[in-house]
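Structure, as structure tokens:
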Amino acid sequence: MVLSGTGGGSRRRQASVPDLVEAARAGQPRAVARLVSLVEDASPLLREVSAALAPYTGRAQVVGLTGAPGVGKSTSTSALVRAFRDAGRTVAVLAVDPSSPFSGGALLGDRVRMSDHAADPGVFIRSMAARGHLGGLAWSTPQAIRVLDAAGYDVVLVETVGVGQSEVDIAAQADTTVVLLAPGMGDGIQAAKAGILEIGDLYVVNKADRDGAEQVRRDLRSMLALAERDEQAWRAPVLATSARSGTGVDEVVDALEEHHVWLLDTGELARRRERRARGEIEAIALTTLRERWGGLEGRAELGELAVRVAAGDCDPYAAADELLEAAHA
Ligand SMILES: Nc1nc2c(ncn2[C@@H]2O[C@H](COP(=O)(O)OP(=O)(O)O)[C@@H](O)[C@H]2O)c(=O)[nH]1
Ligand SMILES: [Mg+2]
């Protein structure tokens, strides 16, 4: 395992992209970490990296784990990693932290927990933050998932703070979305009202060792029962775990497997992946446009157009078209 949260790869000497990709695919964690750093840094090499990775993508089971801070996402992630490893599957974990402009420090506690897996070459763990580049995490998270997928990990687990965290819409990026809740968080069912009822494929009430877990479970079940769904639709189970002791984690793994089979059987997996690809293309195209047309406000044409629009000689739509044409030229 490699804990490489701080990136900074761009300052190191650059190995060639084909070498890096080959090394990553051979299971060398340093190479995987370098590739994720390239994503994090929005390196100009990404175009080439992405092309080299493409033939190897689409194999990993991508699982998103989301929930309010403190519900036990990292503890659950660690427990899930153990369960997957016991089942002989390799796992990559991407801990996405939208709250921090730099990765590393904020996830120190997670690192300690994850050190359980430090000696295991079948586990790769990486934290990632937005570096403030255009597009942010919405752009970089799916690209990092691509790297881990192409590197050959059987399961890619993405931990991210939700919900209402619009920047990282994990439900749009994972095959299966697990929503975690916990009793005594005060916001368990509030969060449900904020939209989690639409995004969960699996609901897990963690900290089942605490009072109130069963109540959260009942409330959630009755809310889910009210939501309309057709006969063929997946019925999201509401499970209970105590991630710290590992109780219930095997049931989560079983449910993940069941959902994966359902995704395959119904064709929903392909649909979700196409939706994901759509989002990626859009994010990259928009980022490219912003970069290309960035600094529109500084263009000489804008001043001239503004004079004309203010004077009523030109309407603002026509002016915007002219500005874009000028910027594009
Ligand atoms: N009682 C209890 N505490 C837990 C359980 N799982 C996690 N915790 C604790 O809840 C706190 C937050 O856990 P963490 O995994 O960091 O939550 P995250 O912010 O969602 O990643 C930590 O102190 C954990 O030890 C559990 O099953 N039972
Ligand atoms: Mg965490």
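As shown in the structure tokens, the chain order sets the letters A, B, ...; within each chain, residues go from 1, and ligands are also counted from 1 in the order they appear.
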Discussion item. Can you pull out every residue with an atom within 10 Å of ligand 1? Use only C-alpha atoms and all ligand atoms and format it as JSON, numbers by chain.
Written reply: {"A": [65, 66, 67, 68, 69, 70, 71, 72, 73, 74, 75, 76, 77, 78, 79, 95, 107, 108, 109, 110, 113, 159, 160, 161, 162, 180, 181, 182, 183, 205, 206, 207, 208, 209, 210, 211, 240, 241, 242, 243, 244, 245, 246, 247, 248]}
For those residues, write N, CA and C atoms to a file as a short mmCIF file (atom, residue, chain, number, x, y, z; two decimals), in the first residue's frame.
data_model
loop_
_atom_site.label_atom_id
_atom_site.label_comp_id
_atom_site.auth_asym_id
_atom_site.auth_seq_id
_atom_site.Cartn_x
_atom_site.Cartn_y
_atom_site.Cartn_z
N LEU A 65 -19.03 5.67 -1.24
CA LEU A 65 -19.47 5.63 0.15
C LEU A 65 -19.63 7.08 0.59
N THR A 66 -20.86 7.44 0.93
CA THR A 66 -21.06 8.85 1.28
C THR A 66 -21.90 8.98 2.54
N GLY A 67 -21.81 10.13 3.16
CA GLY A 67 -22.54 10.37 4.39
C GLY A 67 -21.93 11.55 5.12
N ALA A 68 -22.64 12.04 6.12
CA ALA A 68 -22.18 13.22 6.86
C ALA A 68 -20.86 12.92 7.58
N PRO A 69 -20.09 13.96 7.88
CA PRO A 69 -18.84 13.75 8.62
C PRO A 69 -19.13 13.07 9.95
N GLY A 70 -18.34 12.07 10.30
CA GLY A 70 -18.47 11.42 11.59
C GLY A 70 -19.37 10.21 11.64
N VAL A 71 -20.06 9.90 10.54
CA VAL A 71 -20.95 8.73 10.58
C VAL A 71 -20.17 7.42 10.58
N GLY A 72 -18.90 7.50 10.18
CA GLY A 72 -18.07 6.29 10.18
C GLY A 72 -17.67 5.81 8.80
N LYS A 73 -17.57 6.73 7.86
CA LYS A 73 -17.20 6.33 6.49
C LYS A 73 -15.81 5.72 6.44
N SER A 74 -14.85 6.37 7.10
CA SER A 74 -13.48 5.85 7.03
C SER A 74 -13.35 4.52 7.76
N THR A 75 -14.02 4.43 8.90
CA THR A 75 -13.99 3.17 9.65
C THR A 75 -14.64 2.06 8.82
N SER A 76 -15.75 2.39 8.17
CA SER A 76 -16.43 1.41 7.33
C SER A 76 -15.58 1.04 6.12
N THR A 77 -14.93 2.03 5.55
CA THR A 77 -14.07 1.76 4.40
C THR A 77 -12.99 0.76 4.77
N SER A 78 -12.38 1.01 5.91
CA SER A 78 -11.32 0.11 6.37
C SER A 78 -11.87 -1.30 6.60
N ALA A 79 -13.05 -1.39 7.19
CA ALA A 79 -13.67 -2.70 7.44
C ALA A 79 -14.03 -3.39 6.13
N ALA A 95 -10.04 8.56 -1.08
CA ALA A 95 -10.74 9.38 -0.09
C ALA A 95 -10.75 10.82 -0.59
N LEU A 107 -6.83 14.23 6.68
CA LEU A 107 -7.13 12.81 6.68
C LEU A 107 -6.17 12.02 7.55
N LEU A 108 -5.48 12.73 8.43
CA LEU A 108 -4.48 12.07 9.25
C LEU A 108 -5.08 10.92 10.05
N GLY A 109 -6.26 11.16 10.64
CA GLY A 109 -6.92 10.12 11.41
C GLY A 109 -7.21 8.90 10.56
N ASP A 110 -7.63 9.18 9.33
CA ASP A 110 -7.92 8.10 8.40
C ASP A 110 -6.66 7.29 8.11
N ARG A 113 -6.00 4.81 10.77
CA ARG A 113 -6.91 3.67 10.64
C ARG A 113 -6.50 2.76 9.49
N GLU A 159 -14.57 7.24 -0.97
CA GLU A 159 -15.18 7.81 0.22
C GLU A 159 -15.28 9.32 0.07
N THR A 160 -16.48 9.84 0.21
CA THR A 160 -16.61 11.28 0.11
C THR A 160 -17.70 11.81 1.03
N VAL A 161 -17.50 13.02 1.50
CA VAL A 161 -18.47 13.64 2.38
C VAL A 161 -19.69 14.04 1.56
N GLY A 162 -20.85 13.62 1.97
CA GLY A 162 -22.09 14.04 1.36
C GLY A 162 -22.97 14.54 2.45
N LEU A 180 -24.31 6.21 4.14
CA LEU A 180 -24.10 5.84 5.54
C LEU A 180 -24.80 6.83 6.46
N LEU A 181 -25.48 6.31 7.45
CA LEU A 181 -26.08 7.16 8.48
C LEU A 181 -25.66 6.61 9.83
N ALA A 182 -25.91 7.38 10.87
CA ALA A 182 -25.61 6.91 12.21
C ALA A 182 -26.57 7.55 13.18
N PRO A 183 -26.88 6.86 14.27
CA PRO A 183 -27.77 7.46 15.27
C PRO A 183 -27.03 8.58 16.01
N VAL A 205 -26.95 1.88 8.34
CA VAL A 205 -26.97 2.61 9.60
C VAL A 205 -25.81 2.08 10.42
N ASN A 206 -24.78 2.89 10.52
CA ASN A 206 -23.58 2.48 11.26
C ASN A 206 -23.74 2.84 12.74
N LYS A 207 -22.81 2.42 13.53
CA LYS A 207 -22.84 2.62 14.99
C LYS A 207 -24.09 1.96 15.57
N ALA A 208 -24.36 0.74 15.05
CA ALA A 208 -25.52 -0.01 15.51
C ALA A 208 -25.37 -0.41 16.97
N ASP A 209 -24.17 -0.26 17.49
CA ASP A 209 -23.94 -0.55 18.92
C ASP A 209 -24.50 0.57 19.79
N ARG A 210 -24.93 1.65 19.16
CA ARG A 210 -25.43 2.79 19.94
C ARG A 210 -26.95 2.84 19.97
N ASP A 211 -27.47 3.49 21.00
CA ASP A 211 -28.92 3.68 21.11
C ASP A 211 -29.43 4.46 19.91
N ALA A 240 -27.50 -2.66 8.89
CA ALA A 240 -26.94 -2.07 10.11
C ALA A 240 -25.53 -2.62 10.32
N THR A 241 -24.62 -1.74 10.69
CA THR A 241 -23.25 -2.19 10.97
C THR A 241 -22.74 -1.56 12.25
N SER A 242 -21.73 -2.19 12.77
CA SER A 242 -20.91 -1.54 13.77
C SER A 242 -19.50 -1.66 13.21
N ALA A 243 -19.14 -0.65 12.43
CA ALA A 243 -17.91 -0.75 11.64
C ALA A 243 -16.69 -0.94 12.52
N ARG A 244 -16.73 -0.35 13.70
CA ARG A 244 -15.55 -0.42 14.56
C ARG A 244 -15.25 -1.86 14.97
N SER A 245 -16.30 -2.65 15.19
CA SER A 245 -16.06 -4.05 15.54
C SER A 245 -16.17 -4.97 14.32
N GLY A 246 -16.73 -4.43 13.24
CA GLY A 246 -16.86 -5.23 12.03
C GLY A 246 -18.20 -5.95 11.90
N THR A 247 -19.07 -5.79 12.89
CA THR A 247 -20.37 -6.45 12.85
C THR A 247 -21.21 -5.94 11.67
N GLY A 248 -21.73 -6.86 10.89
CA GLY A 248 -22.62 -6.49 9.79
C GLY A 248 -21.92 -6.16 8.49
#
Practice prompt. Using DSSP on the backbone coordinates, identify all residues within stretch 125-281 of chain A classified as strand (DSSP E or B); present the result as a ChimeraX atom specification.
Written response: /A:125-129,155-161,176-181,202-205,238-240,242,247
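Shortest atom-to-atom contact with A:Val261 among A:Trp234, A:Phe84, A:Val21, A:Met223: A:Trp234, counting only C-alpha atoms.
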Discussion item. For A:Ile199, find every residue with an atom within 10 Å (counting only C-alpha atoms), except residues of its own chain fewer than 4 positions away, and show them as a PyMOL selection string.
Written reply: chain A and resi 66+163+169-172+176-179+192+195+203+236
Worksheet item: Which of stretch 49-98 of chain A counts as helix (DSSP H, G or I) under DSSP, as JSON, numbers by chain please?
Response: {"A": [49, 50, 51, 52, 53, 54, 55, 56, 73, 74, 75, 76, 77, 78, 79, 80, 81, 82, 83, 84, 85, 86]}
Please write the residues from the selection above to a file, keeping C-alpha atoms, as a PDB file, in the first residue's frame.
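As a result, part.pdb now contains:
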ATOM      1  CA  VAL A  49      -2.304   9.207 -19.782  1.00  0.00           C
ATOM      2  CA  SER A  50      -6.026   9.058 -20.413  1.00  0.00           C
ATOM      3  CA  ALA A  51      -5.538   7.662 -23.909  1.00  0.00           C
ATOM      4  CA  ALA A  52      -3.124   5.025 -22.627  1.00  0.00           C
ATOM      5  CA  LEU A  53      -5.479   3.976 -19.819  1.00  0.00           C
ATOM      6  CA  ALA A  54      -8.700   3.814 -21.815  1.00  0.00           C
ATOM      7  CA  PRO A  55      -8.354   0.218 -23.107  1.00  0.00           C
ATOM      8  CA  TYR A  56      -7.965  -1.083 -19.548  1.00  0.00           C
ATOM      9  CA  LYS A  73     -17.202   6.334   6.495  1.00  0.00           C
ATOM     10  CA  SER A  74     -13.482   5.849   7.028  1.00  0.00           C
ATOM     11  CA  THR A  75     -13.992   3.171   9.652  1.00  0.00           C
ATOM     12  CA  SER A  76     -16.431   1.406   7.330  1.00  0.00           C
ATOM     13  CA  THR A  77     -14.065   1.765   4.398  1.00  0.00           C
ATOM     14  CA  SER A  78     -11.323   0.111   6.371  1.00  0.00           C
ATOM     15  CA  ALA A  79     -13.672  -2.700   7.441  1.00  0.00           C
ATOM     16  CA  LEU A  80     -14.854  -3.173   3.859  1.00  0.00           C
ATOM     17  CA  VAL A  81     -11.279  -3.320   2.623  1.00  0.00           C
ATOM     18  CA  ARG A  82     -10.631  -6.124   5.075  1.00  0.00           C
ATOM     19  CA  ALA A  83     -13.755  -8.000   3.984  1.00  0.00           C
ATOM     20  CA  PHE A  84     -12.908  -7.662   0.293  1.00  0.00           C
ATOM     21  CA  ARG A  85      -9.354  -8.818   0.924  1.00  0.00           C
ATOM     22  CA  ASP A  86     -10.656 -11.826   2.848  1.00  0.00           C
TER      23      ASP A  86
END
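Distances to ligand 2 were evaluated for A:Val39, A:Val93, A:Leu45, A:Ala23 using only C-alpha atoms and all ligand atoms, and the minimum falls at A:Val93.
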Worksheet item: Smallest atom-to-atom distance to A:Ile145: which of A:Arg30, A:Arg59, A:Arg221, A:Arg308, using only C-alpha atoms?
Response: A:Arg59
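Ranking A:Gln61, A:Ala87, A:Val36, A:Gln143 by their shortest atom-to-atom distance to A:Gly279, with only C-alpha atoms included, puts A:Gln143 first.
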Discussion item. Using only C-alpha atoms, which protein or nucleic acid residues come within 8 Å of A:Gly212? Drop anything in the same chain fewer than 3 positions from it, and give the result as an MDAnalysis selection string.
Written reply: chainID A and resid 183:184 215:216
Item to complete: Excluding A:Ser222 and any residue of its chain fewer than 2 positions from it, enumerate the residues within 12 Å of it, using only C-alpha atoms, and give them as an MDAnalysis selection string.
Response: chainID A and resid 189 192 197 215:220 224:227 237:238
Next, write the just-selected residues to a file, as a short mmCIF file (atom, residue, chain, number, x, y, z; two decimals), in the first residue's frame, keeping N, CA, C and O atoms as the atom set.
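Written file, again.cif:
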data_model
loop_
_atom_site.label_atom_id
_atom_site.label_comp_id
_atom_site.auth_asym_id
_atom_site.auth_seq_id
_atom_site.Cartn_x
_atom_site.Cartn_y
_atom_site.Cartn_z
N ILE A 189 -32.00 11.89 9.60
CA ILE A 189 -33.17 11.91 8.73
C ILE A 189 -33.29 13.25 8.01
O ILE A 189 -33.84 13.33 6.92
N ALA A 192 -31.68 12.77 4.99
CA ALA A 192 -32.54 12.00 4.10
C ALA A 192 -33.44 12.94 3.30
O ALA A 192 -33.67 12.75 2.12
N LEU A 197 -32.52 9.95 -0.39
CA LEU A 197 -33.46 8.89 -0.74
C LEU A 197 -33.38 8.56 -2.23
O LEU A 197 -33.80 7.50 -2.65
N GLN A 215 -34.05 2.86 15.46
CA GLN A 215 -35.04 3.90 15.13
C GLN A 215 -34.69 4.56 13.79
O GLN A 215 -35.55 4.75 12.94
N VAL A 216 -33.42 4.88 13.60
CA VAL A 216 -32.97 5.48 12.34
C VAL A 216 -33.29 4.53 11.19
O VAL A 216 -33.78 4.94 10.14
N ARG A 217 -33.06 3.25 11.45
CA ARG A 217 -33.32 2.24 10.44
C ARG A 217 -34.80 2.18 10.08
O ARG A 217 -35.16 2.14 8.91
N ARG A 218 -35.64 2.18 11.11
CA ARG A 218 -37.10 2.13 10.87
C ARG A 218 -37.57 3.37 10.11
O ARG A 218 -38.32 3.26 9.13
N ASP A 219 -37.10 4.54 10.55
CA ASP A 219 -37.50 5.80 9.90
C ASP A 219 -37.11 5.77 8.42
O ASP A 219 -37.89 6.13 7.55
N LEU A 220 -35.90 5.33 8.20
CA LEU A 220 -35.38 5.32 6.83
C LEU A 220 -36.18 4.36 5.97
O LEU A 220 -36.55 4.68 4.84
N LEU A 224 -38.26 5.26 2.65
CA LEU A 224 -37.96 4.63 1.36
C LEU A 224 -39.20 3.96 0.77
O LEU A 224 -39.41 3.94 -0.43
N ALA A 225 -40.04 3.41 1.68
CA ALA A 225 -41.24 2.71 1.22
C ALA A 225 -42.21 3.67 0.55
O ALA A 225 -42.99 3.28 -0.31
N LEU A 226 -42.15 4.94 0.94
CA LEU A 226 -43.05 5.93 0.35
C LEU A 226 -42.63 6.35 -1.05
O LEU A 226 -43.43 6.79 -1.85
N ALA A 227 -41.33 6.19 -1.31
CA ALA A 227 -40.83 6.61 -2.62
C ALA A 227 -41.39 5.68 -3.69
O ALA A 227 -41.48 4.47 -3.50
N PRO A 237 -31.65 -1.98 0.17
CA PRO A 237 -31.75 -2.51 1.53
C PRO A 237 -31.22 -1.51 2.56
O PRO A 237 -30.40 -0.66 2.23
N VAL A 238 -31.73 -1.62 3.76
CA VAL A 238 -31.25 -0.79 4.86
C VAL A 238 -30.57 -1.70 5.87
O VAL A 238 -31.23 -2.44 6.60
#
